[in-house]
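Colleague: Dropping in start-v4.txt, with compact mmCIF, C-alpha atoms.
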# COMPACT_ATOMS: atom_id res chain seq x y z
CA MET A 1 0.00 0.00 0.00
CA ASN A 2 2.97 2.27 0.65
CA THR A 3 3.93 2.14 -3.01
CA PHE A 4 0.42 3.06 -4.12
CA PHE A 5 0.36 5.96 -1.66
CA GLN A 6 3.73 7.10 -2.96
CA ASN A 7 2.41 7.30 -6.50
CA SER A 8 -0.97 8.78 -5.65
CA MET A 9 -1.51 12.50 -5.48
CA PHE A 10 -4.97 12.27 -3.99
CA ALA A 11 -4.81 9.40 -1.50
CA GLY A 12 -3.66 11.49 1.47
CA VAL A 13 -6.20 14.29 1.01
CA THR A 14 -9.05 11.91 0.23
CA LEU A 15 -8.28 9.80 3.28
CA SER A 16 -8.31 12.96 5.43
CA LEU A 17 -11.63 14.13 3.97
CA ILE A 18 -13.35 10.74 4.32
CA ALA A 19 -12.09 10.42 7.88
CA TYR A 20 -13.42 13.91 8.66
CA LEU A 21 -16.84 13.13 7.19
CA ILE A 22 -17.03 9.94 9.24
CA GLY A 23 -16.27 12.13 12.25
CA VAL A 24 -19.07 14.56 11.35
CA ILE A 25 -21.56 11.69 10.89
CA LEU A 26 -20.54 10.02 14.16
CA LYS A 27 -20.93 13.32 15.99
CA LYS A 28 -24.44 13.85 14.58
CA LYS A 29 -25.51 10.31 15.42
CA LEU A 30 -23.98 10.09 18.89
CA LYS A 31 -24.05 13.74 20.05
CA LEU A 32 -21.08 13.32 22.41
CA GLY A 33 -18.26 15.84 22.81
CA ILE A 34 -15.69 13.08 22.58
CA PHE A 35 -16.76 12.31 19.00
CA ASN A 36 -15.07 15.40 17.68
CA PRO A 37 -14.73 15.28 13.87
CA LEU A 38 -11.15 16.54 13.96
CA LEU A 39 -10.06 14.04 16.62
CA ILE A 40 -11.86 11.19 14.85
CA SER A 41 -10.36 12.05 11.49
CA ILE A 42 -6.86 12.09 13.02
CA VAL A 43 -7.43 8.75 14.78
CA ILE A 44 -8.92 7.09 11.67
CA SER A 45 -6.14 8.40 9.43
CA ILE A 46 -3.44 7.18 11.81
CA GLY A 47 -5.23 3.81 12.00
CA VAL A 48 -5.42 3.43 8.22
CA LEU A 49 -1.76 4.41 7.77
CA PHE A 50 -0.77 1.98 10.53
CA ILE A 51 -2.74 -0.96 9.10
CA GLY A 52 -1.63 -0.20 5.54
CA LYS A 53 1.99 0.23 6.72
CA VAL A 54 2.16 3.65 5.06
CA ASP A 55 4.63 6.00 6.68
CA TYR A 56 3.78 9.57 7.60
CA ASP A 57 6.01 11.23 5.01
CA THR A 58 4.34 9.28 2.22
CA TYR A 59 0.86 10.26 3.44
CA ASN A 60 1.93 13.86 3.91
CA GLU A 61 3.26 14.09 0.35
CA GLY A 62 -0.39 14.35 -0.70
CA ALA A 63 -1.98 15.71 2.45
CA LYS A 64 0.37 18.67 2.82
CA ILE A 65 -1.82 20.69 0.46
CA LEU A 66 -4.20 20.94 3.43
CA SER A 67 -1.49 22.37 5.69
CA TRP A 68 -0.42 24.65 2.86
CA LEU A 69 -3.85 26.30 2.87
CA LEU A 70 -3.49 27.24 6.52
CA THR A 71 -1.55 30.47 5.94
CA PRO A 72 -4.04 31.98 3.45
CA ALA A 73 -6.93 30.79 5.65
CA THR A 74 -5.44 32.46 8.73
CA VAL A 75 -4.93 35.65 6.70
CA CYS A 76 -8.66 35.50 5.89
CA LEU A 77 -9.57 35.57 9.58
CA ALA A 78 -9.21 39.33 9.08
CA ILE A 79 -12.54 39.23 7.19
CA PRO A 80 -14.82 38.27 10.10
CA LEU A 81 -12.78 40.62 12.26
CA TYR A 82 -13.44 43.48 9.84
CA GLU A 83 -17.14 42.63 9.77
CA GLN A 84 -17.24 42.78 13.58
CA TRP A 85 -15.15 45.95 13.85
CA GLU A 86 -17.87 48.09 15.47
CA LEU A 87 -18.38 45.50 18.19
CA LEU A 88 -14.64 45.22 18.72
CA LYS A 89 -14.22 48.98 18.97
CA GLN A 90 -16.95 49.27 21.60
CA ASN A 91 -15.40 46.47 23.66
CA TYR A 92 -11.69 46.92 23.13
CA LYS A 93 -10.98 47.28 26.86
CA ALA A 94 -12.73 44.02 27.65
CA VAL A 95 -11.00 42.28 24.74
CA LEU A 96 -7.48 43.39 25.65
CA SER A 97 -7.91 42.82 29.40
CA GLY A 98 -9.38 39.36 28.79
CA LEU A 99 -6.57 38.33 26.47
CA LEU A 100 -3.85 39.69 28.76
CA ALA A 101 -5.42 37.83 31.69
CA GLY A 102 -5.56 34.69 29.55
CA THR A 103 -1.92 34.89 28.48
CA ILE A 104 -0.65 35.49 32.02
CA THR A 105 -2.85 32.66 33.29
CA SER A 106 -1.52 30.29 30.64
CA LEU A 107 2.12 31.01 31.48
CA THR A 108 1.47 30.92 35.24
CA THR A 109 -0.40 27.60 35.07
CA VAL A 110 2.41 26.01 33.06
CA PHE A 111 4.98 27.42 35.51
CA ILE A 112 3.20 26.12 38.63
CA LEU A 113 2.57 22.66 37.15
CA ALA A 114 6.09 22.37 35.73
CA LYS A 115 7.42 23.16 39.22
CA LEU A 116 5.12 20.51 40.74
CA PHE A 117 6.21 17.89 38.21
CA GLY A 118 9.85 18.87 38.69
CA LEU A 119 10.42 19.49 34.97
CA SER A 120 13.80 20.66 33.70
CA HIS A 121 14.26 24.14 32.21
CA GLU A 122 14.19 22.69 28.68
CA GLU A 123 10.97 20.76 29.32
CA TYR A 124 9.39 23.81 30.97
CA VAL A 125 10.11 26.20 28.09
CA THR A 126 8.95 23.52 25.64
CA LEU A 127 5.51 23.73 27.23
CA LEU A 128 5.37 27.51 27.87
CA PRO A 129 3.97 28.50 24.44
CA LYS A 130 1.46 25.63 24.34
CA SER A 131 -1.68 27.78 24.13
CA ILE A 132 -0.71 29.83 21.08
CA THR A 133 -0.72 29.18 17.35
CA THR A 134 1.84 26.65 16.09
CA ALA A 135 3.99 28.97 14.03
CA ILE A 136 4.48 31.52 16.84
CA GLY A 137 4.80 28.77 19.47
CA MET A 138 7.57 27.04 17.52
CA GLY A 139 9.52 30.27 17.35
CA VAL A 140 9.15 30.95 21.08
CA SER A 141 10.15 27.40 22.02
CA GLU A 142 13.18 27.51 19.77
CA GLU A 143 14.31 30.86 21.06
CA LEU A 144 14.06 29.77 24.71
CA GLY A 145 15.85 26.47 24.07
CA GLY A 146 12.90 24.04 24.17
CA TYR A 147 12.27 20.85 22.16
CA VAL A 148 10.43 22.26 19.15
CA THR A 149 8.89 18.98 17.92
CA ILE A 150 7.33 18.35 21.33
CA THR A 151 6.05 21.94 21.45
CA VAL A 152 4.31 21.41 18.11
CA ALA A 153 2.74 18.15 19.30
CA VAL A 154 1.53 19.71 22.55
CA ILE A 155 0.11 22.75 20.74
CA ILE A 156 -1.91 20.45 18.48
CA ILE A 157 -3.12 18.31 21.38
CA THR A 158 -4.13 21.49 23.20
CA GLY A 159 -6.05 22.73 20.16
CA VAL A 160 -7.92 19.47 19.68
CA PHE A 161 -8.84 19.37 23.39
CA GLY A 162 -10.11 22.95 23.29
CA ASN A 163 -12.05 22.20 20.12
CA MET A 164 -13.63 19.18 21.86
CA PHE A 165 -14.47 20.54 25.30
CA GLY A 166 -14.46 24.35 24.91
CA GLU A 167 -18.23 24.61 24.73
CA GLN A 168 -18.71 22.54 27.88
CA ILE A 169 -16.09 24.56 29.76
CA CYS A 170 -17.78 27.86 28.78
CA LYS A 171 -21.14 26.48 29.88
CA LEU A 172 -19.79 25.15 33.16
CA PHE A 173 -18.25 28.48 34.16
CA GLY A 174 -21.09 30.67 32.93
CA ILE A 175 -19.22 32.27 30.03
CA THR A 176 -22.16 33.27 27.84
CA GLU A 177 -21.23 36.58 26.16
CA PRO A 178 -20.40 35.74 22.52
CA ILE A 179 -17.35 38.02 22.59
CA SER A 180 -15.98 36.34 25.73
CA LYS A 181 -16.64 32.86 24.39
CA GLY A 182 -14.77 33.63 21.19
CA LEU A 183 -11.83 35.14 23.06
CA ALA A 184 -11.71 32.13 25.39
CA PHE A 185 -11.51 29.72 22.44
CA GLY A 186 -8.80 31.66 20.62
CA ALA A 187 -6.69 32.32 23.73
CA SER A 188 -6.78 28.75 25.01
CA SER A 189 -6.69 26.71 21.83
CA HIS A 190 -5.59 29.00 18.97
CA ALA A 191 -6.67 28.22 15.38
CA ILE A 192 -8.02 24.73 16.10
CA GLY A 193 -10.28 26.21 18.78
CA THR A 194 -11.17 29.03 16.38
CA ALA A 195 -12.42 26.46 13.88
CA LYS A 196 -14.96 25.50 16.56
CA ALA A 197 -15.76 29.12 17.49
CA LEU A 198 -16.54 29.84 13.82
CA GLU A 199 -19.11 27.05 13.90
CA ILE A 200 -20.77 28.53 16.99
CA GLY A 201 -21.28 32.02 15.58
CA GLU A 202 -19.93 35.00 13.64
CA VAL A 203 -18.98 37.08 16.68
CA GLU A 204 -17.38 34.09 18.40
CA GLY A 205 -15.37 33.27 15.27
CA ALA A 206 -14.16 36.83 14.73
CA MET A 207 -13.09 37.28 18.35
CA SER A 208 -11.36 33.92 18.41
CA GLY A 209 -9.40 34.83 15.28
CA LEU A 210 -8.37 38.10 16.89
CA ALA A 211 -7.34 36.25 20.05
CA ILE A 212 -4.90 34.05 18.09
CA ALA A 213 -2.93 37.08 16.95
CA VAL A 214 -3.09 39.12 20.17
CA SER A 215 -2.41 36.21 22.58
CA GLY A 216 0.41 35.05 20.34
CA ILE A 217 2.07 38.45 20.49
CA PHE A 218 1.51 38.81 24.26
CA THR A 219 3.11 35.39 24.72
CA VAL A 220 6.16 36.31 22.64
CA VAL A 221 6.75 39.24 25.00
CA LEU A 222 5.93 37.56 28.31
CA ALA A 223 7.34 34.05 27.76
CA SER A 224 10.95 35.24 27.84
CA LEU A 225 10.23 36.74 31.27
CA PHE A 226 8.61 33.53 32.54
CA ALA A 227 11.40 31.40 31.08
CA GLY A 228 13.75 32.64 33.80
CA PHE A 229 11.58 31.21 36.60
CA ILE A 230 12.78 27.59 36.26
CA MET B 1 -12.50 36.35 -13.01
CA LYS B 2 -13.95 36.99 -9.57
CA TYR B 3 -12.24 33.96 -8.02
CA ILE B 4 -8.95 34.62 -9.77
CA ARG B 5 -8.85 38.13 -8.35
CA GLN B 6 -9.83 36.94 -4.86
CA CYS B 7 -7.19 34.20 -4.88
CA LEU B 8 -4.57 36.62 -6.10
CA ILE B 9 -5.30 39.13 -3.34
CA ILE B 10 -5.30 36.48 -0.59
CA LEU B 11 -2.19 34.66 -1.84
CA GLY B 12 -0.45 37.97 -2.56
CA ILE B 13 -1.02 39.10 1.02
CA SER B 14 0.27 35.73 2.24
CA LEU B 15 3.38 36.30 0.14
CA ILE B 16 3.92 39.78 1.60
CA GLY B 17 3.52 38.15 5.03
CA GLU B 18 6.29 35.71 4.12
CA ILE B 19 8.53 38.54 2.98
CA LEU B 20 7.94 40.42 6.26
CA LYS B 21 8.74 37.26 8.23
CA TYR B 22 11.96 36.92 6.23
CA ILE B 23 13.01 40.51 6.89
CA LEU B 24 11.91 40.99 10.50
CA PRO B 25 13.76 39.03 13.22
CA LEU B 26 10.61 38.20 15.25
CA PRO B 27 9.06 34.77 15.95
CA ILE B 28 5.84 35.88 14.24
CA PRO B 29 4.53 33.75 11.37
CA ALA B 30 3.66 35.00 7.88
CA SER B 31 -0.03 34.29 8.51
CA ILE B 32 -0.24 36.80 11.38
CA TYR B 33 1.47 39.55 9.37
CA GLY B 34 -0.92 38.72 6.54
CA MET B 35 -3.95 38.87 8.80
CA VAL B 36 -2.94 42.31 10.06
CA LEU B 37 -2.28 43.49 6.49
CA LEU B 38 -5.62 42.27 5.15
CA PHE B 39 -7.39 43.84 8.10
CA ALA B 40 -5.59 47.15 7.52
CA GLY B 41 -6.39 46.92 3.80
CA LEU B 42 -10.09 46.40 4.49
CA MET B 43 -10.21 49.22 7.06
CA THR B 44 -8.52 51.73 4.78
CA GLY B 45 -10.67 50.65 1.84
CA TRP B 46 -7.65 49.68 -0.29
CA ILE B 47 -9.11 46.19 -0.41
CA LYS B 48 -12.84 45.88 -0.99
CA LEU B 49 -14.70 43.24 1.00
CA GLU B 50 -16.31 41.85 -2.19
CA ASN B 51 -12.81 41.21 -3.57
CA VAL B 52 -11.95 38.67 -0.86
CA LYS B 53 -15.27 37.57 0.58
CA GLU B 54 -16.24 34.29 -1.16
CA THR B 55 -12.77 32.75 -1.30
CA GLY B 56 -12.12 33.89 2.27
CA THR B 57 -15.37 32.36 3.51
CA PHE B 58 -14.54 29.11 1.72
CA LEU B 59 -11.07 28.92 3.24
CA ILE B 60 -12.35 29.69 6.72
CA GLU B 61 -15.08 27.08 6.42
CA ILE B 62 -12.71 24.26 5.48
CA MET B 63 -10.16 25.32 8.09
CA PRO B 64 -10.66 22.32 10.44
CA LEU B 65 -9.44 20.03 7.64
CA MET B 66 -6.13 21.87 7.54
CA PHE B 67 -5.16 20.55 10.98
CA ILE B 68 -5.55 16.88 10.06
CA PRO B 69 -2.03 16.39 8.59
CA ALA B 70 -0.43 18.02 11.66
CA GLY B 71 -2.57 15.87 13.93
CA VAL B 72 -1.67 12.71 12.04
CA GLY B 73 1.95 13.83 12.44
CA LEU B 74 1.59 13.11 16.16
CA MET B 75 2.25 9.48 15.17
CA THR B 76 5.85 10.41 14.42
CA SER B 77 6.44 12.44 17.59
CA TRP B 78 4.92 9.79 19.88
CA GLY B 79 8.34 8.41 20.78
CA LYS B 80 9.43 11.77 22.15
CA LEU B 81 6.13 12.52 23.89
CA LYS B 82 5.90 9.17 25.70
CA SER B 83 8.30 10.02 28.54
CA LEU B 84 6.50 13.29 29.31
CA ILE B 85 2.97 12.03 28.84
CA MET B 86 1.77 12.52 32.44
CA PRO B 87 2.87 16.15 32.90
CA ILE B 88 1.77 16.99 29.35
CA SER B 89 -1.72 15.57 29.85
CA VAL B 90 -2.28 17.30 33.18
CA ILE B 91 -0.82 20.61 31.98
CA THR B 92 -2.86 20.51 28.76
CA VAL B 93 -6.19 19.86 30.44
CA LEU B 94 -5.66 22.34 33.27
CA THR B 95 -4.32 25.21 31.16
CA ILE B 96 -7.23 24.98 28.74
CA ILE B 97 -9.64 25.33 31.63
CA THR B 98 -7.76 28.11 33.45
CA VAL B 99 -7.10 30.13 30.28
CA MET B 100 -10.70 29.86 29.04
CA VAL B 101 -12.08 30.85 32.42
CA ALA B 102 -9.63 33.76 32.92
CA THR B 103 -10.10 35.15 29.41
CA GLY B 104 -13.83 34.56 29.32
CA LEU B 105 -14.73 35.84 32.76
CA VAL B 106 -12.43 38.91 32.79
CA SER B 107 -13.79 40.09 29.44
CA GLN B 108 -17.36 39.20 30.40
CA VAL B 109 -17.23 41.19 33.65
CA ILE B 110 -15.97 44.28 31.77
CA ILE B 111 -18.54 43.90 28.97
CA ARG B 112 -21.39 43.59 31.46
CA LYS B 113 -20.17 46.62 33.45
CA SER B 114 -20.10 48.81 30.35
CA LYS B 115 -23.55 47.55 29.35
CA GLU B 116 -24.90 48.61 32.76
CA LYS B 117 -23.39 52.08 32.33
CA ILE B 118 -25.20 52.52 29.02
CA LYS B 119 -28.49 51.51 30.63
In structure tokens, write the structure found in this file.

Modeller:
Amino acid sequence: MNTFFQNSMFAGVTLSLIAYLIGVILKKKLKLGIFNPLLISIVISIGVLFIGKVDYDTYNEGAKILSWLLTPATVCLAIPLYEQWELLKQNYKAVLSGLLAGTITSLTTVFILAKLFGLSHEEYVTLLPKSITTAIGMGVSEELGGYVTITVAVIIITGVFGNMFGEQICKLFGITEPISKGLAFGASSHAIGTAKALEIGEVEGAMSGLAIAVSGIFTVVLASLFAGFI
Amino acid sequence: MKYIRQCLIILGISLIGEILKYILPLPIPASIYGMVLLFAGLMTGWIKLENVKETGTFLIEIMPLMFIPAGVGLMTSWGKLKSLIMPISVITVLTIITVMVATGLVSQVIIRKSKEKIK
């Protein structure tokens, strides 16, 4: 099967799409947070590659077109933001305070837990940028001397978790304002959380997109300060 | 023609983002520069909403799919993650909760206060 995959241009993308659709159907049928289409599609794809003995690089040869689209798609997050500009302008204090609180909380939580687990400096700085978007997080981890591949993995796991349970967390803690919900998704689980926020509503999606950029930049500034703590 | 123009604008801005990333020594990705540029373009009216709207909406809608390859890539980093799996799991779950609650509640309190003032 590896040889077929190597010669096919469409196998990787098609596998990803089918796996995602299975995820969407399962979610509709079973209505459980754990049946998250993104998580299911990742699990199914890994399963198929494992059974078919196809290695990741071969799969990714075709599937990387999906990752390639991520930069233009993130650029386009400016569109919902532009459409919600009036709302943003009226609430800029709330938006900036919320995101600053979120960034400081993220770094503080990682610091306290890293201390409790007795992590080394390298392991600690690997996890520091875990809440922000992959591309910024990689840069921060590299600059502080972390293990970049682990940072990437943890950022993705964080995103998928936020995508899966974000709605329940908001509900549990009484976060009901659409602006606040959107910011919470973007600040805690970057673009993967934003994908969920966009499904919930226009305001949520726009604010979540904004949160990716602002939290990312706050983290760049504050992480170097926090890095000195362990 | 409509889609060609929209694709050109969006990809062109992504390219300018890449150039900025190349020139500026900051750990900020091309996509964030691009997002700021497109936003500035729309605000100043240099870029008209109808010249990016449909393609932009399409890209945003299929965005979840774009994370599948990276997620599948976890299968290659599993070896490195294994030894840290306990701290990573606990830290991941707890930070998501604390960050969502801090961001959500701080902004919500301020929004509600300003709403009361208006009333």

Colleague: Just give me the gap between atom CA of A:Ile169 and atom CA of B:Ala102 in Å, one decimal is fine.

Modeller: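 The value is 11.7 Å.
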
Colleague: Would you mind reading off the distance between atom CA of A:Val152 and atom CA of B:Leu105, one decimal, in Å?

Modeller: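 According to the coordinates, atom CA of A:Val152 and atom CA of B:Leu105 are separated by 28.0 Å.
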
Colleague: Set the distance at 10 Å and use only C-alpha atoms: which residues neighbour A:Ile34 once local chain neighbours fewer than 3 positions away are removed? I'd like the list as a list in words.

Modeller: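 The residues that qualify are Lys27, Leu30, Lys31, Pro37, Leu39, Ile40, Phe161, Met164 and Phe165 of chain A.
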
Colleague: Report the distance between atom CA of B:Ser89 and atom CA of A:Gly162 in Å, rounded to one decimal place.

Modeller: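 Rounded to one decimal, the two atoms are 13.0 Å apart.
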
Colleague: Can you tell me, as a list in words, what residues are no more than 8 Å from B:Pro87 when counting all atoms listed in the file, ignoring any on the same chain fewer than 6 positions away?

Modeller: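 My list of contacting residues is Leu113, Ala114 and Phe117 of chain A.
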
Colleague: Please dump the current selection as a PDB file, in the frame of the given file; keep C-alpha atoms.

Modeller:
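This is the output file selection.pdb:
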ATOM      1  CA  LEU A 113       2.570  22.660  37.150  1.00  0.00           C
ATOM      2  CA  ALA A 114       6.090  22.370  35.730  1.00  0.00           C
ATOM      3  CA  PHE A 117       6.210  17.890  38.210  1.00  0.00           C
TER       4      PHE A 117
END

Colleague: Would you pick out the contacts of B:Thr57 at 12 Å or less, using only C-alpha atoms, so that residues sharing its chain but fewer than 4 positions from it are not included, and give the list as a list in words?

Modeller: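 Final neighbour list, sorted by chain and number: Pro72, Ala73, Thr74, Val75, Cys76, Leu77, Ala78, Ile79, Pro80, Leu198, Glu202 and Gly205 of chain A; Gln6, Cys7, Ile10, Leu49, Glu50, Asn51, Val52, Lys53, Glu61, Ile62 and Met63 of chain B.
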
Colleague: Dump as a PyMOL selection string the residues of chain B that approach chain A to within 6 Å, counting only C-alpha atoms.

Modeller: chain B and resi 14+27-29+31+34-35+39+56+59-60+64+66+68+71-72+92+95-96+99-100+102-104+106-108+110-111

Colleague: Suppose we keep C-alpha atoms; can you now write the selection as an mmCIF file, in the frame of the given file?

Modeller:
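Contents of part-v9.cif, freshly written:
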data_model
loop_
_atom_site.group_PDB
_atom_site.id
_atom_site.type_symbol
_atom_site.label_atom_id
_atom_site.label_comp_id
_atom_site.auth_asym_id
_atom_site.auth_seq_id
_atom_site.Cartn_x
_atom_site.Cartn_y
_atom_site.Cartn_z
ATOM 1 C CA SER B 14 0.270 35.730 2.240
ATOM 2 C CA PRO B 27 9.060 34.770 15.950
ATOM 3 C CA ILE B 28 5.840 35.880 14.240
ATOM 4 C CA PRO B 29 4.530 33.750 11.370
ATOM 5 C CA SER B 31 -0.030 34.290 8.510
ATOM 6 C CA GLY B 34 -0.920 38.720 6.540
ATOM 7 C CA MET B 35 -3.950 38.870 8.800
ATOM 8 C CA PHE B 39 -7.390 43.840 8.100
ATOM 9 C CA GLY B 56 -12.120 33.890 2.270
ATOM 10 C CA LEU B 59 -11.070 28.920 3.240
ATOM 11 C CA ILE B 60 -12.350 29.690 6.720
ATOM 12 C CA PRO B 64 -10.660 22.320 10.440
ATOM 13 C CA MET B 66 -6.130 21.870 7.540
ATOM 14 C CA ILE B 68 -5.550 16.880 10.060
ATOM 15 C CA GLY B 71 -2.570 15.870 13.930
ATOM 16 C CA VAL B 72 -1.670 12.710 12.040
ATOM 17 C CA THR B 92 -2.860 20.510 28.760
ATOM 18 C CA THR B 95 -4.320 25.210 31.160
ATOM 19 C CA ILE B 96 -7.230 24.980 28.740
ATOM 20 C CA VAL B 99 -7.100 30.130 30.280
ATOM 21 C CA MET B 100 -10.700 29.860 29.040
ATOM 22 C CA ALA B 102 -9.630 33.760 32.920
ATOM 23 C CA THR B 103 -10.100 35.150 29.410
ATOM 24 C CA GLY B 104 -13.830 34.560 29.320
ATOM 25 C CA VAL B 106 -12.430 38.910 32.790
ATOM 26 C CA SER B 107 -13.790 40.090 29.440
ATOM 27 C CA GLN B 108 -17.360 39.200 30.400
ATOM 28 C CA ILE B 110 -15.970 44.280 31.770
ATOM 29 C CA ILE B 111 -18.540 43.900 28.970
#

Colleague: Got a sec: who's within 10 Å of A:Phe4, counting only C-alpha atoms, leaving out chain neighbours fewer than 4 positions off, as JSON, numbers by chain?

Modeller: {"A": [8, 9, 11, 54, 58]}
